[in-house]
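Structure data (PDB, C-alpha atoms) from protein.pdb:
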ATOM      1  CA  MET A  18     130.981  83.339 132.322
ATOM      2  CA  GLN A  19     128.591  84.069 129.404
ATOM      3  CA  TYR A  20     126.747  81.039 128.065
ATOM      4  CA  GLN A  21     128.105  79.709 124.754
ATOM      5  CA  ILE A  22     125.401  78.801 122.230
ATOM      6  CA  THR A  23     125.801  75.308 120.771
ATOM      7  CA  HIS A  24     124.593  73.821 117.499
ATOM      8  CA  ALA A  25     122.080  71.752 119.473
ATOM      9  CA  ASP A  26     120.655  74.963 120.960
ATOM     10  CA  LEU A  27     120.228  76.494 117.499
ATOM     11  CA  SER A  28     118.537  73.329 116.217
ATOM     12  CA  LEU A  29     116.167  73.397 119.197
ATOM     13  CA  VAL A  30     115.160  77.029 118.651
ATOM     14  CA  LEU A  31     114.735  76.501 114.911
ATOM     15  CA  ALA A  32     112.528  73.446 115.427
ATOM     16  CA  LEU A  33     110.188  75.277 117.812
ATOM     17  CA  GLU A  34     110.185  78.380 115.617
ATOM     18  CA  ARG A  35     109.123  76.255 112.638
ATOM     19  CA  GLY A  36     106.728  73.961 114.487
ATOM     20  CA  ARG A  37     105.125  76.531 116.823
ATOM     21  CA  SER A  38     104.279  73.665 119.204
ATOM     22  CA  LEU A  39     106.203  71.340 121.476
ATOM     23  CA  ALA A  40     104.773  68.305 119.687
ATOM     24  CA  LYS A  41     105.844  69.455 116.214
ATOM     25  CA  ALA A  42     109.258  70.547 117.468
ATOM     26  CA  ALA A  43     109.709  67.147 119.110
ATOM     27  CA  GLU A  44     108.761  65.472 115.836
ATOM     28  CA  LEU A  45     111.314  67.528 113.902
ATOM     29  CA  LEU A  46     114.042  66.790 116.457
ATOM     30  CA  LYS A  47     113.005  63.127 116.888
ATOM     31  CA  VAL A  48     112.766  63.430 120.672
ATOM     32  CA  ASP A  49     109.858  63.441 123.097
ATOM     33  CA  VAL A  50     107.816  66.516 124.047
ATOM     34  CA  SER A  51     109.130  66.699 127.607
ATOM     35  CA  THR A  52     112.706  66.880 126.307
ATOM     36  CA  VAL A  53     111.847  69.888 124.146
ATOM     37  CA  PHE A  54     110.070  71.605 127.047
ATOM     38  CA  ARG A  55     112.937  71.070 129.485
ATOM     39  CA  SER A  56     115.583  72.039 126.899
ATOM     40  CA  ILE A  57     113.885  75.328 126.037
ATOM     41  CA  ARG A  58     113.465  76.251 129.696
ATOM     42  CA  ARG A  59     117.101  75.331 130.376
ATOM     43  CA  LEU A  60     118.291  77.446 127.437
ATOM     44  CA  GLU A  61     116.160  80.439 128.443
ATOM     45  CA  SER A  62     117.566  80.217 131.962
ATOM     46  CA  ALA A  63     121.144  80.031 130.664
ATOM     47  CA  LEU A  64     120.632  83.035 128.369
ATOM     48  CA  GLY A  65     118.652  85.006 130.929
ATOM     49  CA  THR A  66     115.893  85.878 128.473
ATOM     50  CA  ALA A  67     112.622  84.500 127.169
ATOM     51  CA  LEU A  68     112.784  82.891 123.746
ATOM     52  CA  PHE A  69     109.139  82.004 123.169
ATOM     53  CA  VAL A  70     105.773  83.306 124.306
ATOM     54  CA  LYS A  71     102.937  80.783 124.546
ATOM     55  CA  SER A  72      99.672  81.940 122.988
ATOM     56  CA  ARG A  73      96.568  80.530 121.323
ATOM     57  CA  LYS A  74      98.563  80.419 118.097
ATOM     58  CA  GLY A  75     101.249  78.313 119.721
ATOM     59  CA  TYR A  76     104.795  79.166 120.780
ATOM     60  CA  LEU A  77     105.661  82.531 119.245
ATOM     61  CA  PRO A  78     109.366  83.442 119.015
ATOM     62  CA  THR A  79     110.700  86.602 120.606
ATOM     63  CA  ASP A  80     113.139  88.807 118.694
ATOM     64  CA  THR A  81     116.003  86.902 120.308
ATOM     65  CA  ALA A  82     114.613  83.547 119.203
ATOM     66  CA  GLN A  83     113.996  84.888 115.696
ATOM     67  CA  ALA A  84     117.613  86.008 115.441
ATOM     68  CA  LEU A  85     118.833  82.609 116.678
ATOM     69  CA  ALA A  86     116.550  80.824 114.200
ATOM     70  CA  GLU A  87     117.992  82.842 111.318
ATOM     71  CA  GLN A  88     121.513  81.846 112.355
ATOM     72  CA  ALA A  89     120.362  78.240 112.659
ATOM     73  CA  GLU A  90     119.020  78.306 109.094
ATOM     74  CA  ARG A  91     122.366  79.625 107.828
ATOM     75  CA  ALA A  92     124.157  76.825 109.687
ATOM     76  CA  GLU A  93     121.711  74.330 108.186
ATOM     77  CA  GLN A  94     122.432  75.662 104.681
ATOM     78  CA  ALA A  95     126.172  75.516 105.306
ATOM     79  CA  LEU A  96     125.960  71.899 106.415
ATOM     80  CA  GLU A  97     123.920  70.986 103.349
ATOM     81  CA  ALA A  98     126.468  72.728 101.120
ATOM     82  CA  ALA A  99     129.256  70.776 102.822
ATOM     83  CA  ARG A 100     127.433  67.486 102.236
ATOM     84  CA  ILE A 101     126.954  68.317  98.560
ATOM     85  CA  ALA A 102     130.602  69.322  98.285
ATOM     86  CA  MET A 103     131.708  65.977  99.745
ATOM     87  CA  THR A 104     129.605  64.026  97.242
ATOM     88  CA  SER A 105     130.183  66.258  94.216
ATOM     89  CA  GLY A 106     133.888  66.911  94.578
ATOM     90  CA  GLU A 107     135.861  70.134  94.548
ATOM     91  CA  THR A 108     134.021  71.568  91.548
ATOM     92  CA  VAL A 109     130.873  72.331  93.552
ATOM     93  CA  VAL A 110     129.913  76.016  93.836
ATOM     94  CA  SER A 111     128.484  76.842  97.239
ATOM     95  CA  GLY A 112     127.673  79.742  99.514
ATOM     96  CA  THR A 113     125.093  82.502  99.700
ATOM     97  CA  VAL A 114     125.076  85.495  97.356
ATOM     98  CA  ARG A 115     122.945  88.568  98.009
ATOM     99  CA  LEU A 116     121.525  90.010  94.795
ATOM    100  CA  THR A 117     119.543  93.205  94.247
ATOM    101  CA  CYS A 118     117.660  94.704  91.301
ATOM    102  CA  THR A 119     114.413  96.520  90.577
ATOM    103  CA  GLU A 120     111.102  94.667  90.569
ATOM    104  CA  ALA A 121     110.725  95.137  86.820
ATOM    105  CA  VAL A 122     114.188  93.756  86.072
ATOM    106  CA  MET A 123     113.674  90.859  88.472
ATOM    107  CA  HIS A 124     110.396  89.663  86.978
ATOM    108  CA  SER A 125     111.140  90.360  83.313
ATOM    109  CA  LEU A 126     114.840  89.485  83.059
ATOM    110  CA  LEU A 127     116.424  87.972  86.158
ATOM    111  CA  LEU A 128     113.969  85.229  87.148
ATOM    112  CA  PRO A 129     113.812  83.610  83.682
ATOM    113  CA  ALA A 130     117.626  83.585  83.590
ATOM    114  CA  LEU A 131     117.930  82.053  87.068
ATOM    115  CA  ALA A 132     115.406  79.347  86.220
ATOM    116  CA  ALA A 133     117.663  78.208  83.382
ATOM    117  CA  PHE A 134     120.745  77.432  85.469
ATOM    118  CA  MET A 135     120.181  77.545  89.245
ATOM    119  CA  PRO A 136     119.045  73.867  89.389
ATOM    120  CA  ASN A 137     122.616  73.015  88.333
ATOM    121  CA  TYR A 138     124.010  74.575  91.538
ATOM    122  CA  PRO A 139     122.194  72.941  94.485
ATOM    123  CA  ALA A 140     124.731  74.249  97.016
ATOM    124  CA  LEU A 141     124.412  77.878  95.867
ATOM    125  CA  SER A 142     121.858  80.037  97.701
ATOM    126  CA  LEU A 143     120.540  83.459  96.730
ATOM    127  CA  GLU A 144     119.107  86.209  98.895
ATOM    128  CA  MET A 145     117.221  88.548  96.553
ATOM    129  CA  GLY A 146     115.877  91.999  97.223
ATOM    130  CA  THR A 147     114.432  94.820  95.170
ATOM    131  CA  SER A 148     115.726  98.377  95.265
ATOM    132  CA  ASN A 149     116.129 101.332  92.897
ATOM    133  CA  THR A 150     119.442 102.515  94.372
ATOM    134  CA  PHE A 151     123.089 101.477  94.601
ATOM    135  CA  ALA A 152     123.269 102.212  98.332
ATOM    136  CA  ASN A 153     122.863  98.582  99.360
ATOM    137  CA  LEU A 154     126.111  97.553  97.614
ATOM    138  CA  SER A 155     127.930 100.494  99.157
ATOM    139  CA  ARG A 156     126.718  99.417 102.600
ATOM    140  CA  ARG A 157     127.711  95.811 101.804
ATOM    141  CA  ASP A 158     124.090  94.693 102.139
ATOM    142  CA  ALA A 159     124.317  93.046  98.699
ATOM    143  CA  ASP A 160     127.017  91.356  96.624
ATOM    144  CA  ILE A 161     125.609  91.762  93.104
ATOM    145  CA  ALA A 162     123.383  94.408  91.566
ATOM    146  CA  LEU A 163     121.576  94.310  88.242
ATOM    147  CA  ARG A 164     120.879  97.910  87.290
ATOM    148  CA  LEU A 165     119.547  99.968  84.386
ATOM    149  CA  THR A 166     121.866 102.973  84.249
ATOM    150  CA  ASN A 167     124.140 104.839  81.875
ATOM    151  CA  THR A 168     126.433 105.955  84.695
ATOM    152  CA  PRO A 169     127.369 103.024  86.953
ATOM    153  CA  PRO A 170     129.213 104.082  90.129
ATOM    154  CA  GLU A 171     132.991 104.135  89.759
ATOM    155  CA  HIS A 172     133.485 102.152  92.981
ATOM    156  CA  LEU A 173     131.701  99.119  91.470
ATOM    157  CA  VAL A 174     132.962  96.746  88.780
ATOM    158  CA  GLY A 175     131.000  94.745  86.245
ATOM    159  CA  ARG A 176     129.719  94.294  82.719
ATOM    160  CA  CYS A 177     127.376  96.132  80.391
ATOM    161  CA  LEU A 178     124.904  93.535  79.091
ATOM    162  CA  GLY A 179     123.156  95.643  76.483
ATOM    163  CA  SER A 180     120.789  98.552  76.154
ATOM    164  CA  THR A 181     117.026  98.944  76.336
ATOM    165  CA  SER A 182     114.814 101.498  74.602
ATOM    166  CA  TYR A 183     111.627 102.926  76.050
ATOM    167  CA  VAL A 184     108.381 103.042  74.087
ATOM    168  CA  ILE A 185     104.896 104.328  74.784
ATOM    169  CA  CYS A 186     102.671 101.308  75.195
ATOM    170  CA  GLY A 187      99.076 100.524  75.980
ATOM    171  CA  GLN A 188      96.067  98.592  74.775
ATOM    172  CA  PRO A 189      95.188  99.149  71.086
ATOM    173  CA  GLN A 190      92.111 101.290  71.847
ATOM    174  CA  TRP A 191      94.379 104.154  72.942
ATOM    175  CA  ARG A 192      96.309 104.390  69.658
ATOM    176  CA  GLU A 193      94.048 106.789  67.748
ATOM    177  CA  ARG A 194      93.553 109.158  70.671
ATOM    178  CA  LEU A 195      97.275 109.139  71.419
ATOM    179  CA  ASP A 196      98.092 109.977  67.805
ATOM    180  CA  ALA A 197      95.521 112.778  67.780
ATOM    181  CA  ALA A 198      96.454 114.395  71.085
ATOM    182  CA  ALA A 199      98.763 112.923  73.734
ATOM    183  CA  GLY A 200      96.974 114.778  76.478
ATOM    184  CA  SER A 201      93.629 113.179  75.623
ATOM    185  CA  VAL A 202      94.610 109.791  77.049
ATOM    186  CA  PRO A 203      95.270 108.884  80.695
ATOM    187  CA  TRP A 204      98.997 108.512  81.397
ATOM    188  CA  ILE A 205     100.585 106.244  83.973
ATOM    189  CA  ALA A 206     103.964 107.450  85.224
ATOM    190  CA  PRO A 207     106.643 107.055  87.918
ATOM    191  CA  ASP A 208     106.000 108.977  91.127
ATOM    192  CA  ASP A 209     108.312 111.499  92.780
ATOM    193  CA  SER A 210     110.608 108.738  94.033
ATOM    194  CA  MET A 211     111.764 108.346  90.410
ATOM    195  CA  GLN A 212     111.612 111.974  89.315
ATOM    196  CA  ASP A 213     114.957 111.641  87.461
ATOM    197  CA  HIS A 214     113.840 108.606  85.450
ATOM    198  CA  PRO A 215     114.616 109.147  81.730
ATOM    199  CA  THR A 216     110.963 108.726  80.748
ATOM    200  CA  VAL A 217     109.954 111.453  83.212
ATOM    201  CA  VAL A 218     112.590 113.793  81.792
ATOM    202  CA  TRP A 219     111.409 112.976  78.257
ATOM    203  CA  ARG A 220     107.728 113.564  79.078
ATOM    204  CA  ASN A 221     108.405 116.884  80.796
ATOM    205  CA  GLN A 222     110.354 118.056  77.764
ATOM    206  CA  GLN A 223     107.955 116.691  75.135
ATOM    207  CA  TYR A 224     104.663 117.448  76.888
ATOM    208  CA  PRO A 225     105.365 120.035  79.610
ATOM    209  CA  GLY A 226     101.665 120.577  80.338
ATOM    210  CA  LEU A 227     100.750 116.914  80.582
ATOM    211  CA  SER A 228      99.673 115.697  84.011
ATOM    212  CA  PRO A 229      99.638 111.892  84.465
ATOM    213  CA  ARG A 230      96.473 110.451  85.950
ATOM    214  CA  TYR A 231      98.235 107.632  87.774
ATOM    215  CA  HIS A 232     101.579 107.689  89.607
ATOM    216  CA  CYS A 233     103.378 104.508  90.707
ATOM    217  CA  SER A 234     106.495 103.741  92.729
ATOM    218  CA  SER A 235     107.808 101.016  90.400
ATOM    219  CA  MET A 236     107.879 100.177  86.697
ATOM    220  CA  SER A 237     106.312  96.794  87.489
ATOM    221  CA  THR A 238     103.256  98.486  88.950
ATOM    222  CA  ILE A 239     103.091 100.831  85.963
ATOM    223  CA  ALA A 240     103.136  97.793  83.665
ATOM    224  CA  GLN A 241     100.303  96.166  85.616
ATOM    225  CA  LEU A 242      98.137  99.261  85.263
ATOM    226  CA  VAL A 243      98.883  99.439  81.538
ATOM    227  CA  SER A 244      97.876  95.778  81.090
ATOM    228  CA  THR A 245      94.476  96.454  82.706
ATOM    229  CA  GLY A 246      93.757  99.146  80.115
ATOM    230  CA  LEU A 247      93.813 102.106  82.498
ATOM    231  CA  GLY A 248      96.045 104.159  80.225
ATOM    232  CA  VAL A 249      99.384 104.440  78.453
ATOM    233  CA  ALA A 250     102.927 104.604  79.779
ATOM    234  CA  ALA A 251     106.555 104.655  78.683
ATOM    235  CA  LEU A 252     108.047 101.243  79.456
ATOM    236  CA  PRO A 253     111.277  99.436  78.515
ATOM    237  CA  ASP A 254     110.869  97.458  75.314
ATOM    238  CA  TYR A 255     111.789  94.145  76.992
ATOM    239  CA  MET A 256     108.616  94.372  79.108
ATOM    240  CA  VAL A 257     106.094  95.013  76.343
ATOM    241  CA  ASP A 258     105.993  91.519  74.802
ATOM    242  CA  ALA A 259     105.212  89.997  78.201
ATOM    243  CA  LEU A 260     102.123  92.190  78.745
ATOM    244  CA  PRO A 261      98.995  90.486  77.341
ATOM    245  CA  GLY A 262      96.916  92.713  75.082
ATOM    246  CA  VAL A 263      99.463  95.539  75.159
ATOM    247  CA  ASP A 264     101.115  97.012  72.061
ATOM    248  CA  ALA A 265     103.986  99.397  71.476
ATOM    249  CA  LEU A 266     102.239 102.624  70.408
ATOM    250  CA  SER A 267     105.412 104.517  69.477
ATOM    251  CA  GLY A 268     108.962 104.005  68.346
ATOM    252  CA  PRO A 269     111.911 104.316  70.750
ATOM    253  CA  LEU A 270     111.705 107.542  72.753
ATOM    254  CA  PRO A 271     114.685 109.833  72.056
ATOM    255  CA  GLY A 272     117.166 110.217  74.904
ATOM    256  CA  CYS A 273     115.756 107.329  76.954
ATOM    257  CA  ASP A 274     118.008 104.421  75.897
ATOM    258  CA  THR A 275     119.506 102.900  79.055
ATOM    259  CA  GLN A 276     122.228 100.300  79.591
ATOM    260  CA  LEU A 277     121.823  97.187  81.734
ATOM    261  CA  TRP A 278     124.792  96.583  84.068
ATOM    262  CA  LEU A 279     125.745  93.546  86.135
ATOM    263  CA  LEU A 280     127.774  94.960  89.017
ATOM    264  CA  THR A 281     129.607  93.896  92.145
ATOM    265  CA  ARG A 282     132.067  95.292  94.670
ATOM    266  CA  PRO A 283     135.795  94.840  93.947
ATOM    267  CA  ASP A 284     136.160  92.693  97.074
ATOM    268  CA  CYS A 285     133.512  90.259  95.770
ATOM    269  CA  ARG A 286     134.670  89.666  92.204
ATOM    270  CA  ALA A 287     137.176  86.950  93.207
ATOM    271  CA  LEU A 288     134.513  84.908  95.013
ATOM    272  CA  ARG A 289     133.722  81.735  93.116
ATOM    273  CA  SER A 290     129.989  82.087  93.750
ATOM    274  CA  VAL A 291     129.952  85.630  92.356
ATOM    275  CA  GLN A 292     132.100  84.640  89.372
ATOM    276  CA  THR A 293     129.717  81.772  88.615
ATOM    277  CA  LEU A 294     126.658  84.019  88.657
ATOM    278  CA  PHE A 295     128.408  86.533  86.395
ATOM    279  CA  GLU A 296     129.312  83.835  83.875
ATOM    280  CA  GLU A 297     125.847  82.258  83.913
ATOM    281  CA  LEU A 298     123.833  85.483  83.872
ATOM    282  CA  THR A 299     125.862  87.364  81.255
ATOM    283  CA  PRO A 300     124.940  85.412  78.081
ATOM    284  CA  ARG A 301     121.320  84.893  79.091
ATOM    285  CA  LEU A 302     120.687  88.521  79.953
ATOM    286  CA  ARG A 303     122.485  89.704  76.817
ATOM    287  CA  ASP A 304     120.215  87.493  74.729
ATOM    288  CA  ALA A 305     117.159  88.829  76.565
ATOM    289  CA  MET A 306     118.191  92.403  75.763
ATOM    290  CA  LEU A 307     118.465  91.755  72.015
TER     291      LEU A 307
END

How would this structure read if it were set down as structure tokens?
Amino acid sequence: MQYQITHADLSLVLALERGRSLAKAAELLKVDVSTVFRSIRRLESALGTALFVKSRKGYLPTDTAQALAEQAERAEQALEAARIAMTSGETVVSGTVRLTCTEAVMHSLLLPALAAFMPNYPALSLEMGTSNTFANLSRRDADIALRLTNTPPEHLVGRCLGSTSYVICGQPQWRERLDAAAGSVPWIAPDDSMQDHPTVVWRNQQYPGLSPRYHCSSMSTIAQLVSTGLGVAALPDYMVDALPGVDALSGPLPGCDTQLWLLTRPDCRALRSVQTLFEELTPRLRDAML
């Protein structure tokens, strides 16, 4: 009969994965070192596989141990949420929500909004990732997406939180050269992974012979290069104020206005954790887009 993993087994693996030594694991578990040693050997024998490899850096987890440790952390979070629920009453919002957005949206819009309300929900956990596509929601790898798009997928539901314009921006020393001849200044632009980005379409139409000097895979990286003075770029207006020493060098670029959408799958919208994030994020992100 296949061995059935217990909560004690998960706690053991997690302690050794975190401590990387028998002594530290024993301290975390409040037992002696010999107990940890015997328990790990007993568990490895029961599972028929090695869980840790001893090296100069300590006890290193195998892939199996890493997977068990991840499950142990989830169980730990669930227990903590249950404790909070017992002390806070039925109104507590708990669980884990997986959220995805681009790097630029995360740093400029999402993180400031989360900082304003997440301390009020100690039992609510977020797993956050960055991506430029909707595929992760379709594959159920995420529950909520924050996306800049004018055509949100029909299979997702959500709210439009406002619209952003794009402007050419850079340090002030580029203004005169840009006004005289756009091709005389170094441009920083999205790479081929974002070839359909509205600013790329605009640039190809407005300056078909212009060849950017720098290409980047994210708008956040583009913004960083602009802030160092390496050149000019078209960036969303909500990012410009946060870039030290950078000015808007143009008005809104025609045809580039893009909506910000807060989206989820239909099967997620009834979840209390998702509903809470929608209600908390909506007003703060709308204000940030004004």

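Picked by the PyMOL selection byres ((chain A and resi 79-94) around 8) from the coordinates shown: His24, Leu27, Ser28, Val30, Leu31, Glu34, Ala67, Leu68, Phe69, Val70, Leu77, Pro78, Ala95, Leu96, Glu97 and Ala98 of chain A.
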
Give the centre and edge lengths of an axis-aligned box, in Å to one decimal, that holds all listed atoms of segment 177-189 of chain A with 4 Å on each side, as JSON.
{"center_x": 111.3, "center_y": 98.9, "center_z": 75.7, "size_x": 40.2, "size_y": 18.8, "size_z": 17.3}

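Note that atom CA of Leu266 of chain A and atom CA of Ile185 of chain A are 5.4 Å apart.
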
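Separating atom CA of Met145 of chain A from atom CA of Ser125 of chain A is a distance of 14.7 Å.
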
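Between atom CA of Leu280 of chain A and atom CA of Pro207 of chain A lies a distance of 24.4 Å.
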
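For the structure in this document, the set picked by the PyMOL selection byres ((chain A and resi 141) around 7) is Val110, Ser111, Gly112, Thr113, Tyr138, Pro139, Ala140, Ser142 and Leu143 of chain A.
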
- Do you know which residues are at most 12 Å from Arg220 of chain A counting all atoms listed in the file, after dropping those on the same chain fewer than 5 positions away, and could you put them as an MDAnalysis selection string? chainID A and resid 183:185 199:200 204:207 212:215 225:229 250:251 270:273

Atoms to include: C-alpha atoms. Write the selected residues as a PDB file, in the coordinates of the input.
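Output file out-v8.pdb follows:
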ATOM      1  CA  TYR A 183     111.627 102.926  76.050  1.00  0.00           C
ATOM      2  CA  VAL A 184     108.381 103.042  74.087  1.00  0.00           C
ATOM      3  CA  ILE A 185     104.896 104.328  74.784  1.00  0.00           C
ATOM      4  CA  ALA A 199      98.763 112.923  73.734  1.00  0.00           C
ATOM      5  CA  GLY A 200      96.974 114.778  76.478  1.00  0.00           C
ATOM      6  CA  TRP A 204      98.997 108.512  81.397  1.00  0.00           C
ATOM      7  CA  ILE A 205     100.585 106.244  83.973  1.00  0.00           C
ATOM      8  CA  ALA A 206     103.964 107.450  85.224  1.00  0.00           C
ATOM      9  CA  PRO A 207     106.643 107.055  87.918  1.00  0.00           C
ATOM     10  CA  GLN A 212     111.612 111.974  89.315  1.00  0.00           C
ATOM     11  CA  ASP A 213     114.957 111.641  87.461  1.00  0.00           C
ATOM     12  CA  HIS A 214     113.840 108.606  85.450  1.00  0.00           C
ATOM     13  CA  PRO A 215     114.616 109.147  81.730  1.00  0.00           C
ATOM     14  CA  PRO A 225     105.365 120.035  79.610  1.00  0.00           C
ATOM     15  CA  GLY A 226     101.665 120.577  80.338  1.00  0.00           C
ATOM     16  CA  LEU A 227     100.750 116.914  80.582  1.00  0.00           C
ATOM     17  CA  SER A 228      99.673 115.697  84.011  1.00  0.00           C
ATOM     18  CA  PRO A 229      99.638 111.892  84.465  1.00  0.00           C
ATOM     19  CA  ALA A 250     102.927 104.604  79.779  1.00  0.00           C
ATOM     20  CA  ALA A 251     106.555 104.655  78.683  1.00  0.00           C
ATOM     21  CA  LEU A 270     111.705 107.542  72.753  1.00  0.00           C
ATOM     22  CA  PRO A 271     114.685 109.833  72.056  1.00  0.00           C
ATOM     23  CA  GLY A 272     117.166 110.217  74.904  1.00  0.00           C
ATOM     24  CA  CYS A 273     115.756 107.329  76.954  1.00  0.00           C
TER      25      CYS A 273
END

- Please evaluate the PyMOL selection byres ((chain A and resi 290) around 12) against the displayed coordinates and give the resulting residues as an MDAnalysis selection string. chainID A and resid 108:116 135 138 140:143 160:161 281 285:289 291:297

- If you count all atoms listed in the file, which residues fall within 7 Å of Val202 of chain A, apart from same-chain ones fewer than 3 positions away, as an MDAnalysis selection string? chainID A and resid 191 194:195 199 248

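The closest residue to Cys177 of chain A, picked from A:Thr23, A:Gln222, A:Thr275, A:Thr66 and counting all atoms listed in the file, is A:Thr275.
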
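Between Pro261 of chain A and the candidates A:Ala198, A:Ala133, A:Val217, A:Leu242, the tightest atom-to-atom separation, counting all atoms listed in the file, involves A:Leu242.
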
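Compared by their closest atoms to Val263 of chain A, and using only C-alpha atoms, the residues A:Ala159, A:Leu307, A:Cys186, A:Ala121 rank with A:Cys186 nearest.
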
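Remark: for Glu61 of chain A, the closest of the candidate residues A:Leu45, A:Leu247, A:Ile22, A:Ala32 is A:Ile22 (distances computed over only C-alpha atoms).
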
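The shortest atom-to-atom distance to Arg230 of chain A, with only C-alpha atoms taken into account, belongs to A:Pro203 out of A:Gly146, A:Pro203, A:Gly246, A:Pro269.
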
- Task: May I ask which of the residues A:Asp208, A:Pro253, A:Thr245, A:Ala130 is the closest one to Ser180 of chain A, counting all atoms listed in the file?
- Result: A:Pro253

Mind rebuilding segment 119-138 of chain A with N, CA and C atoms and writing that out as a PDB file, keeping the file's coordinate frame?
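Saved as selection_6.pdb:
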ATOM      1  N   THR A 119     115.767  95.974  90.485  1.00  0.00           N
ATOM      2  CA  THR A 119     114.413  96.520  90.577  1.00  0.00           C
ATOM      3  C   THR A 119     113.398  95.408  90.365  1.00  0.00           C
ATOM      4  N   GLU A 120     112.152  95.669  90.763  1.00  0.00           N
ATOM      5  CA  GLU A 120     111.102  94.667  90.569  1.00  0.00           C
ATOM      6  C   GLU A 120     110.924  94.327  89.098  1.00  0.00           C
ATOM      7  N   ALA A 121     110.944  95.361  88.248  1.00  0.00           N
ATOM      8  CA  ALA A 121     110.725  95.137  86.820  1.00  0.00           C
ATOM      9  C   ALA A 121     111.819  94.259  86.227  1.00  0.00           C
ATOM     10  N   VAL A 122     113.068  94.547  86.580  1.00  0.00           N
ATOM     11  CA  VAL A 122     114.188  93.756  86.072  1.00  0.00           C
ATOM     12  C   VAL A 122     114.132  92.334  86.621  1.00  0.00           C
ATOM     13  N   MET A 123     113.743  92.191  87.884  1.00  0.00           N
ATOM     14  CA  MET A 123     113.674  90.859  88.472  1.00  0.00           C
ATOM     15  C   MET A 123     112.661  89.977  87.741  1.00  0.00           C
ATOM     16  N   HIS A 124     111.447  90.490  87.564  1.00  0.00           N
ATOM     17  CA  HIS A 124     110.396  89.663  86.978  1.00  0.00           C
ATOM     18  C   HIS A 124     110.580  89.447  85.480  1.00  0.00           C
ATOM     19  N   SER A 125     111.060  90.466  84.767  1.00  0.00           N
ATOM     20  CA  SER A 125     111.140  90.360  83.313  1.00  0.00           C
ATOM     21  C   SER A 125     112.441  89.735  82.823  1.00  0.00           C
ATOM     22  N   LEU A 126     113.539  89.939  83.544  1.00  0.00           N
ATOM     23  CA  LEU A 126     114.840  89.485  83.059  1.00  0.00           C
ATOM     24  C   LEU A 126     115.528  88.481  83.975  1.00  0.00           C
ATOM     25  N   LEU A 127     115.604  88.792  85.265  1.00  0.00           N
ATOM     26  CA  LEU A 127     116.424  87.972  86.158  1.00  0.00           C
ATOM     27  C   LEU A 127     115.825  86.586  86.417  1.00  0.00           C
ATOM     28  N   LEU A 128     114.555  86.527  86.780  1.00  0.00           N
ATOM     29  CA  LEU A 128     113.969  85.229  87.148  1.00  0.00           C
ATOM     30  C   LEU A 128     114.005  84.211  86.014  1.00  0.00           C
ATOM     31  N   PRO A 129     113.678  84.596  84.767  1.00  0.00           N
ATOM     32  CA  PRO A 129     113.812  83.610  83.682  1.00  0.00           C
ATOM     33  C   PRO A 129     115.242  83.113  83.509  1.00  0.00           C
ATOM     34  N   ALA A 130     116.227  84.003  83.719  1.00  0.00           N
ATOM     35  CA  ALA A 130     117.626  83.585  83.590  1.00  0.00           C
ATOM     36  C   ALA A 130     118.012  82.630  84.711  1.00  0.00           C
ATOM     37  N   LEU A 131     117.603  82.930  85.941  1.00  0.00           N
ATOM     38  CA  LEU A 131     117.930  82.053  87.068  1.00  0.00           C
ATOM     39  C   LEU A 131     117.308  80.676  86.904  1.00  0.00           C
ATOM     40  N   ALA A 132     116.097  80.631  86.390  1.00  0.00           N
ATOM     41  CA  ALA A 132     115.406  79.347  86.220  1.00  0.00           C
ATOM     42  C   ALA A 132     116.150  78.424  85.269  1.00  0.00           C
ATOM     43  N   ALA A 133     116.959  79.006  84.385  1.00  0.00           N
ATOM     44  CA  ALA A 133     117.663  78.208  83.382  1.00  0.00           C
ATOM     45  C   ALA A 133     118.902  77.510  83.931  1.00  0.00           C
ATOM     46  N   PHE A 134     119.496  78.052  85.015  1.00  0.00           N
ATOM     47  CA  PHE A 134     120.745  77.432  85.469  1.00  0.00           C
ATOM     48  C   PHE A 134     120.833  77.137  86.957  1.00  0.00           C
ATOM     49  N   MET A 135     120.042  77.771  87.804  1.00  0.00           N
ATOM     50  CA  MET A 135     120.181  77.545  89.245  1.00  0.00           C
ATOM     51  C   MET A 135     119.991  76.092  89.668  1.00  0.00           C
ATOM     52  N   PRO A 136     119.133  75.292  88.995  1.00  0.00           N
ATOM     53  CA  PRO A 136     119.045  73.867  89.389  1.00  0.00           C
ATOM     54  C   PRO A 136     120.368  73.129  89.266  1.00  0.00           C
ATOM     55  N   ASN A 137     121.306  73.661  88.485  1.00  0.00           N
ATOM     56  CA  ASN A 137     122.616  73.015  88.333  1.00  0.00           C
ATOM     57  C   ASN A 137     123.558  73.301  89.499  1.00  0.00           C
ATOM     58  N   TYR A 138     123.147  74.183  90.413  1.00  0.00           N
ATOM     59  CA  TYR A 138     124.010  74.575  91.538  1.00  0.00           C
ATOM     60  C   TYR A 138     123.241  74.408  92.855  1.00  0.00           C
TER      61      TYR A 138
END
